[in-house]
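Since the structure comes first, as C-alpha cells, the remarks are kept for the end.
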Amino acid sequence: MYAHKDTIGTVEHGGKTYEIDWPHDVEDSSKRDIFGVIYLDGEQVGEASERPGQKWECEDDVLEAVRELIEEGETDDQ
C-alpha cells in the first residue's frame, strides 16, 4: 500500500522510481482531477493532464500519460 491516499502507482525509468498521484477533484470528491502528479523522492517533479478530447477512465490511463512524459524527459529532474 502507498503512503499517500491519492497514489495510484509507480513508474520506473532510468533507474528511478516515480510515484504517481491522481488526486480527487476539490469541488467533487467523487471524481478524479484532470491532473496526474509525478513525484520523485517525495518532491513533485511534474504533472500530466488530460489532452483535449481525452478523458481518463482509469488509473492505467493516467499511468500511461505519465510514463510518456517521463520517457520524453518532461519532468523537472531530467
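The way I read the labels, and the way they are meant: chains A, B, ... in the order of the C-alpha cells, residue 1 as the first residue of every chain, and ligand 1 as the first ligand shown, with later ones counted on from there.
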Quiz item: stretch 55-71 of chain A: which residues within 8 Å, counting only C-alpha atoms, same-chain residues fewer than 6 positions away excluded, as number ranges by chain?
Solution: A: 8-11, 13, 20, 22, 34, 36, 38, 47-49
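Take atom CA of A:Gln54 and atom CA of A:Tyr39: the distance between them is 23.0 Å.
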Self-check item: All alpha helix (DSSP H) positions in chain A, as a ChimeraX atom specification
Solution: /A:59-71
Exercise. Write out as a list of chain:residue names all residues of chain A that DSSP puts in strand (DSSP E) for this structure's backbone.
Key: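 Taking chain A and keeping strand (DSSP E) only, one gets A:Thr7, A:Ile8, A:Gly9, A:Thr10, A:Val11, A:Glu12, A:His13, A:Lys16, A:Thr17, A:Tyr18, A:Glu19, A:Ile20, A:Asp21, A:Phe35, A:Gly36, A:Val37, A:Ile38, A:Tyr39, A:Leu40, A:Glu43, A:Gln44, A:Val45, A:Gly46, A:Glu47, A:Ala48, A:Ser49.
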